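> The following block contains the structure, expressed as C-alpha cells.
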Protein chains: 2
Amino acid sequence: MSTAHGRLYLVPAPLDFGCAQQSPLEDSMPMQTLRVAASLQHWVCENAKSTRAYLKRVGEVVPLAAPIQAQTLVELPREVHKKGDHQGGFDARPLLAAALQGHDVGLVSEAGMPAVADPGSSVVRAAHQLGLAVVPLVGPVSLLLALAASGLNGQNFAFVGYVPSEPGERAQRVKALEALALKTQQTQLFIETPYRNQALLATLLQTLQPSTRLATSSGLTLPSARNLSADVKTWKARAWALDNATPTVFAIGP
Amino acid sequence: MSTAHGRLYLVPAPLDFGCAQQSPLEDSMPMQTLRVAASLQHWVCENAKSTRAYLKRVGEVVPLAAPIQAQTLVELPREVHKKGDHQGGFDARPLLAAALQGHDVGLVSEAGMPAVADPGSSVVRAAHQLGLAVVPLVGPVSLLLALAASGLNGQNFAFVGYVPSEPGERAQRVKALEALALKTQQTQLFIETPYRNQALLATLLQTLQPSTRLATSSGLTLPSARNLSADVKTWKARAWALDNATPTVFAIGP
C-alpha cells in the first residue's frame, strides 16, 4: 500500500438515529473512534445531512479538525442504496479521489457500522482495489448486540436482511428460516422497517412452532432498550408486544 | 421483570487477549462499558484468571467498586465451552444466584462479545428464564469489524464458526461454503485457530475459484491490524501471506 495514499476509515454512527431519545455519544463510542472521526475532513456517506448532524455531536466531545462547512461530503448515489451495493455493478473508486491525493477518508452510514446491514461495501471494495488501507473502527452494531442478548446460538448465525412485507410471502419466508434454523442450529437474524414490527411479530407468533425460540431487541444502546427472548409458547402466554416505532432486530433458533 | 433482581450485563472484552501487543482499553471500549464493568462485583466468566487481568486494566481507567480479590467470579464449566453451550442441555441458572439476590452480574469471555463466537449463550438464556433484564454493552466484535472491512455483502451474511482441521474435510467444507456464497450472495465468515492460518489460506487459494473474493482480517483494533480483500486471482498474484500467530477472521463471497 502506498504511504502517499490516505486510508479509508469505517466510522460507526450511534444507533439513536431518528429516535426521540438520544444517549451521549461517549456512551456507545470509544474515544479513539471519536478522535479519528474528529480528525477527518473527507467523507463518503449515506446521507450528507445526517452526517453533518453526527459530526456536530462528535465536535461537542472532540474538537473537529475543520468546521463542518469546510469538510467534503460525498453521498453514495441513491440507486446504490436502493438495490444494495453488493451487486458489484457500481464502481465507487471516483468517490475516493481525496484518498488518492493523500487525505484520509471516512465512510459513514446513518446508524451503526457502515457496510453491515447498510450501504457502503462498494466503497470498501473500491478502497481495496486502489490499494488503500481499510481501517474499521469500534462502535455499536445492533445485530451483534441483539445476537448476544438473544441467548441463541452465537457460534453459527446468519443475518438475512429484510423479510418480505407481503403477508403471504412473509409467512413463507419465516417458515423457511425456521426450518433452516432447526435443521442446522444456525440462528437466523432479520429486520423489518419499524412500522411493520407488529405485523411481523403477529406472523412470527402464528407461524413458528411453540418450542422455537424467538428473540427481539429494540432501542439498543438507549435507556429504553428492551431485549426479549423465550419460546413462542411463552411469548403467547406473556402477551409481549412491540411498538411500531422502534428499530428492532428479530432472531429465531432452536 | 422484578426490580428486586439484578441485571445481566454482557460485557465485551478487548480483542488483544493473548497478543504480544496491547492497545489502551479506552481505544476500543466506550467509557460507559468501562464504567459498568468497574461497578460490578459478580461475574460469570469463561476464565477467572483472564477476567481478573481484564478487571485490572479496567481499574486503571475507572476505579473499581470493590477490589478484585473481593469480587465473585464463577467460571462456566469447561465441558460447556468444549461442546458449545447452545446445545441447550446445560442449565446455567445456578450461576446467576447473585442476581436473584439483587446484584447486577457481568458475563465476560476472553475476547470480544460474550455469547458471540464464544461461550455464554446458556447464561443469557438462563437470565431470560429467570426474568432478569439482559443488557448488552458496546465493545469490539471482531466478526463485524472483519465483515465491514471485507467489502463483501453485509446485507446477507453468515458466521459458521471453525472449519475442519483435517485437510480433506477442510477443502470439502470450503467448497461447500463457496457454492453457498455464490448461489445465495450470502457472505460466509469463518475462523481457525491461529496456528493453522497458513494451512487454511493454502486450502482456500487451492480450492476457491479465481474470481471468488477472499478477505482476511488480522490483529483487529491493534496498531498491526491488517485487512486484505481481493479475488483469489489477485491473492495469488500478490503472494499475500498470513502469519500463524494472529487471530484472523476469513470471509468469502462473490
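Chain labels A, B, ... are given in the sequence in which chains occur in the C-alpha cells; within each chain residues are numbered consecutively from 1, and ligands are likewise numbered from 1 in the order shown.
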Give as a VMD selection string every residue of chain B that touches chain A within 7 Å, counting only C-alpha atoms.

chain B and resid 26 to 32 86 114 to 118 121 to 122 124 to 125 128 134 to 136 138 to 140 145 148 to 149 151 to 161 227 229

> Selected residues, N, CA and C atoms, written as a short mmCIF file (atom, residue, chain, number, x, y, z; two decimals), in the first residue's frame, please.


```cif
data_model
loop_
_atom_site.label_atom_id
_atom_site.label_comp_id
_atom_site.auth_asym_id
_atom_site.auth_seq_id
_atom_site.Cartn_x
_atom_site.Cartn_y
_atom_site.Cartn_z
N GLU B 26 -9.35 2.15 26.50
CA GLU B 26 -10.27 3.22 26.08
C GLU B 26 -10.34 3.34 24.56
N ASP B 27 -9.34 2.81 23.87
CA ASP B 27 -9.36 2.92 22.40
C ASP B 27 -10.46 2.07 21.78
N SER B 28 -10.75 0.93 22.40
CA SER B 28 -11.75 0.05 21.78
C SER B 28 -13.01 -0.12 22.63
N MET B 29 -13.07 0.54 23.79
CA MET B 29 -14.24 0.42 24.67
C MET B 29 -14.85 1.78 24.96
N PRO B 30 -16.15 1.93 24.80
CA PRO B 30 -16.79 3.18 25.25
C PRO B 30 -16.67 3.32 26.76
N MET B 31 -16.62 4.54 27.24
CA MET B 31 -16.49 4.77 28.68
C MET B 31 -17.64 4.15 29.46
N GLN B 32 -18.84 4.15 28.89
CA GLN B 32 -19.99 3.59 29.59
C GLN B 32 -19.78 2.09 29.87
N HIS B 86 -24.72 -23.80 23.19
CA HIS B 86 -26.00 -23.55 22.53
C HIS B 86 -26.84 -24.81 22.43
N PRO B 114 -19.28 -11.59 24.71
CA PRO B 114 -19.67 -12.92 25.18
C PRO B 114 -20.87 -13.44 24.40
N ALA B 115 -20.91 -14.74 24.20
CA ALA B 115 -22.03 -15.42 23.53
C ALA B 115 -22.05 -15.19 22.02
N VAL B 116 -21.03 -14.51 21.47
CA VAL B 116 -20.90 -14.37 20.02
C VAL B 116 -19.57 -15.01 19.64
N ALA B 117 -19.60 -16.12 18.94
CA ALA B 117 -18.40 -16.88 18.60
C ALA B 117 -17.62 -17.22 19.87
N ASP B 118 -18.32 -17.39 20.95
CA ASP B 118 -17.72 -17.60 22.27
C ASP B 118 -18.79 -18.17 23.19
N SER B 121 -24.02 -18.25 25.78
CA SER B 121 -25.45 -18.16 25.46
C SER B 121 -26.32 -18.91 26.47
N SER B 122 -25.77 -19.95 27.09
CA SER B 122 -26.58 -20.67 28.09
C SER B 122 -26.87 -19.77 29.29
N VAL B 124 -27.14 -16.43 29.12
CA VAL B 124 -28.12 -15.45 28.67
C VAL B 124 -29.52 -16.07 28.68
N ARG B 125 -29.62 -17.31 28.18
CA ARG B 125 -30.92 -17.99 28.20
C ARG B 125 -31.43 -18.15 29.63
N HIS B 128 -32.90 -14.90 30.89
CA HIS B 128 -34.25 -14.65 30.37
C HIS B 128 -35.27 -15.52 31.11
N VAL B 134 -31.59 -8.25 30.49
CA VAL B 134 -30.30 -8.56 29.85
C VAL B 134 -29.85 -7.31 29.09
N VAL B 135 -28.64 -6.83 29.40
CA VAL B 135 -28.17 -5.56 28.82
C VAL B 135 -26.83 -5.77 28.11
N PRO B 136 -26.82 -5.81 26.77
CA PRO B 136 -25.55 -5.94 26.06
C PRO B 136 -24.84 -4.59 25.98
N VAL B 138 -21.67 -2.07 24.48
CA VAL B 138 -20.93 -1.90 23.23
C VAL B 138 -19.44 -2.15 23.44
N GLY B 139 -18.86 -2.87 22.50
CA GLY B 139 -17.42 -3.12 22.51
C GLY B 139 -17.01 -3.72 21.19
N PRO B 140 -15.75 -4.11 21.07
CA PRO B 140 -15.28 -4.62 19.78
C PRO B 140 -15.80 -6.03 19.50
N LEU B 145 -16.27 -6.23 12.55
CA LEU B 145 -15.22 -5.35 12.03
C LEU B 145 -14.65 -5.98 10.76
N ALA B 148 -17.20 -5.67 7.82
CA ALA B 148 -17.23 -4.32 7.26
C ALA B 148 -15.99 -4.06 6.41
N ALA B 149 -14.84 -4.52 6.88
CA ALA B 149 -13.58 -4.26 6.19
C ALA B 149 -13.40 -5.12 4.95
N GLY B 151 -15.55 -5.61 2.42
CA GLY B 151 -16.21 -5.15 1.20
C GLY B 151 -17.16 -6.19 0.63
N LEU B 152 -17.33 -7.30 1.33
CA LEU B 152 -18.29 -8.33 0.90
C LEU B 152 -19.70 -7.93 1.33
N ASN B 153 -20.68 -8.67 0.84
CA ASN B 153 -22.08 -8.36 1.12
C ASN B 153 -22.36 -8.33 2.63
N GLY B 154 -22.75 -7.18 3.14
CA GLY B 154 -23.05 -7.03 4.56
C GLY B 154 -24.54 -7.02 4.82
N GLN B 155 -25.33 -7.24 3.77
CA GLN B 155 -26.79 -7.26 3.94
C GLN B 155 -27.30 -8.69 4.04
N ASN B 156 -26.43 -9.65 3.85
CA ASN B 156 -26.76 -11.07 3.96
C ASN B 156 -25.45 -11.80 4.21
N PHE B 157 -25.28 -12.29 5.43
CA PHE B 157 -24.01 -12.93 5.77
C PHE B 157 -24.23 -13.97 6.85
N ALA B 158 -23.29 -14.91 6.92
CA ALA B 158 -23.35 -15.96 7.95
C ALA B 158 -21.97 -16.15 8.55
N PHE B 159 -21.96 -16.42 9.85
CA PHE B 159 -20.74 -16.85 10.52
C PHE B 159 -20.92 -18.31 10.88
N VAL B 160 -20.00 -19.16 10.42
CA VAL B 160 -20.19 -20.60 10.58
C VAL B 160 -19.17 -21.25 11.52
N GLY B 161 -18.43 -20.44 12.26
CA GLY B 161 -17.52 -20.98 13.27
C GLY B 161 -16.22 -21.49 12.67
N ASN B 227 -6.17 -5.72 7.02
CA ASN B 227 -7.39 -6.17 6.38
C ASN B 227 -7.13 -6.29 4.88
N SER B 229 -8.44 -7.87 1.05
CA SER B 229 -9.64 -8.30 0.33
C SER B 229 -9.38 -8.18 -1.17
#
```

> Please list as a compact mmCIF listing (two decimals) with N, CA and C atoms, in the first residue's frame every residue within 7 Å of range 47-51 of chain A, counting only C-alpha atoms and excluding residues in the same chain fewer than 6 positions away.


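Writing the result to around_32.txt gives the following:
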```txt
# COMPACT_ATOMS: atom_id res chain seq x y z
N LEU A 73 -18.20 16.27 1.80
CA LEU A 73 -19.09 15.12 2.00
C LEU A 73 -19.60 14.65 0.65
N GLU A 75 -22.03 11.96 -1.20
CA GLU A 75 -23.08 10.97 -0.92
C GLU A 75 -22.98 9.79 -1.88
N GLU A 110 -26.08 5.92 8.29
CA GLU A 110 -26.94 6.70 9.19
C GLU A 110 -26.91 6.17 10.62
```

> Could you give me the residues within range 14-251 of chain A that DSSP places in helix (DSSP H, G or I), as a ChimeraX atom specification?

/A:25-28,31-39,48-59,68-70,78-83,85-87,93-100,121-129,142-150,167-184,194-207,232-238

> Restrict the selected residues to C-alpha atoms and save them as a compact mmCIF listing (two decimals), in the first residue's frame.


```txt
# COMPACT_ATOMS: atom_id res chain seq x y z
CA LEU A 25 -22.10 9.77 22.11
CA GLU A 26 -19.34 8.71 24.52
CA ASP A 27 -21.64 6.03 25.98
CA SER A 28 -21.61 3.93 22.84
CA MET A 31 -12.83 7.78 22.41
CA GLN A 32 -10.45 6.56 19.69
CA THR A 33 -13.37 6.33 17.25
CA LEU A 34 -14.44 9.89 18.12
CA ARG A 35 -10.87 11.19 17.85
CA VAL A 36 -10.48 9.70 14.37
CA ALA A 37 -13.91 10.99 13.29
CA ALA A 38 -12.97 14.48 14.52
CA SER A 39 -9.69 14.40 12.59
CA ALA A 48 -24.93 14.29 3.98
CA LYS A 49 -27.49 15.92 6.28
CA SER A 50 -27.37 13.17 8.91
CA THR A 51 -23.57 13.01 8.63
CA ARG A 52 -23.40 16.74 9.44
CA ALA A 53 -25.68 16.19 12.45
CA TYR A 54 -23.40 13.35 13.61
CA LEU A 55 -20.26 15.46 13.13
CA LYS A 56 -21.86 18.22 15.19
CA ARG A 57 -22.28 15.73 18.05
CA VAL A 58 -18.69 14.49 17.59
CA GLY A 59 -17.47 18.09 17.78
CA ILE A 68 -18.26 21.10 9.13
CA GLN A 69 -18.96 23.55 6.29
CA ALA A 70 -15.32 23.23 5.19
CA ARG A 78 -29.35 6.81 -4.14
CA GLU A 79 -29.72 3.94 -6.62
CA VAL A 80 -26.78 2.23 -4.90
CA HIS A 81 -28.64 2.17 -1.55
CA LYS A 82 -31.85 1.08 -3.12
CA LYS A 83 -30.72 -2.11 -4.75
CA ASP A 85 -24.36 -2.07 -3.33
CA HIS A 86 -23.05 -5.61 -3.01
CA GLN A 87 -24.19 -6.45 -6.54
CA ARG A 93 -13.49 4.48 -6.99
CA PRO A 94 -14.28 8.05 -8.11
CA LEU A 95 -15.77 8.71 -4.64
CA LEU A 96 -12.33 8.08 -3.14
CA ALA A 97 -10.45 10.71 -5.15
CA ALA A 98 -9.45 12.55 -1.95
CA ALA A 99 -7.65 9.42 -0.67
CA LEU A 100 -5.53 9.27 -3.82
CA SER A 121 -19.47 -2.26 0.70
CA SER A 122 -18.90 -0.91 -2.82
CA VAL A 123 -16.74 1.84 -1.30
CA VAL A 124 -14.76 -0.66 0.76
CA ARG A 125 -14.20 -2.81 -2.34
CA ALA A 126 -13.06 0.26 -4.26
CA ALA A 127 -10.59 1.12 -1.50
CA HIS A 128 -9.06 -2.36 -1.64
CA GLN A 129 -8.85 -2.09 -5.42
CA SER A 142 -27.19 -3.59 16.58
CA LEU A 143 -27.14 -7.06 15.01
CA LEU A 144 -24.40 -8.33 17.27
CA LEU A 145 -25.75 -6.73 20.43
CA ALA A 146 -29.09 -8.36 19.59
CA LEU A 147 -27.49 -11.74 18.92
CA ALA A 148 -25.60 -11.69 22.23
CA ALA A 149 -28.74 -10.66 24.13
CA SER A 150 -30.86 -13.36 22.48
CA PRO A 167 -48.19 -11.22 4.35
CA GLY A 168 -48.23 -14.49 2.38
CA GLU A 169 -44.60 -14.20 1.31
CA ARG A 170 -43.64 -13.11 4.82
CA ALA A 171 -45.17 -16.23 6.40
CA GLN A 172 -43.47 -18.42 3.82
CA ARG A 173 -40.09 -16.80 4.43
CA VAL A 174 -40.48 -17.14 8.21
CA LYS A 175 -41.27 -20.84 7.82
CA ALA A 176 -38.22 -21.37 5.60
CA LEU A 177 -35.95 -19.56 8.07
CA GLU A 178 -37.33 -21.60 10.97
CA ALA A 179 -36.79 -24.86 9.08
CA LEU A 180 -33.18 -23.85 8.34
CA ALA A 181 -32.55 -22.79 11.96
CA LEU A 182 -33.97 -26.01 13.40
CA LYS A 183 -32.15 -28.22 10.90
CA THR A 184 -28.71 -26.57 11.07
CA PRO A 194 -40.23 -0.29 12.37
CA TYR A 195 -43.80 0.48 11.28
CA ARG A 196 -44.26 -3.18 10.40
CA ASN A 197 -42.85 -4.56 13.71
CA GLN A 198 -46.28 -5.57 14.98
CA ALA A 199 -47.30 -7.22 11.72
CA LEU A 200 -44.06 -9.21 11.65
CA LEU A 201 -44.45 -10.26 15.28
CA ALA A 202 -48.01 -11.42 14.58
CA THR A 203 -46.77 -13.52 11.65
CA LEU A 204 -43.99 -15.00 13.78
CA LEU A 205 -46.35 -15.99 16.60
CA GLN A 206 -48.84 -17.52 14.14
CA THR A 207 -46.27 -19.32 12.02
CA VAL A 232 -43.10 -18.98 21.17
CA LYS A 233 -45.38 -20.64 23.72
CA THR A 234 -44.08 -18.27 26.42
CA TRP A 235 -44.35 -15.23 24.11
CA LYS A 236 -48.04 -16.01 23.68
CA ALA A 237 -48.63 -16.67 27.38
CA ARG A 238 -46.98 -13.39 28.41
```

> Grab the CA of Gln71 in chain A to CA of Gln101 in chain A distance for me, in Å with one decimal place.

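Those two atoms sit 15.1 Å apart.
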
> Please provide as a count of residues only all residues within 6 Å of Gly6 in chain B, with the sequence filter that same-chain residues fewer than 3 positions apart are discarded (counting only C-alpha atoms).

4

> State, in Å with one decimal place, the distance from CA of Pro164 in chain B to CA of Ser224 in chain B.

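Distance between the two atoms: 27.5 Å.
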
> Using Å and a single decimal, report how far CA of Val61 in chain B sits from CA of Val62 in chain A.

18.8 Å

> Taking only range 146-252 of chain A into account, list the residues labelled strand (DSSP E) by DSSP (computed from the backbone), as a list of chain:residue names.

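Reading the DSSP output for range 146-252 of chain A, strand (DSSP E) covers A:Phe157, A:Ala158, A:Phe159, A:Val160, A:Gly161, A:Tyr162, A:Thr187, A:Gln188, A:Leu189, A:Phe190, A:Ile191, A:Arg213, A:Leu214, A:Ala215, A:Thr216, A:Ser217, A:Ser218, A:Arg226, A:Asn227, A:Leu228, A:Ser229, A:Ala230, A:Asp231, A:Thr248, A:Val249, A:Phe250, A:Ala251, A:Ile252.
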
> Would you pick out the contacts of Thr72 in chain A at 8 Å or less, using only C-alpha atoms, so that residues sharing its chain but fewer than 3 positions from it are not included, and give the list as a PyMOL selection string?

chain A and resi 41-43
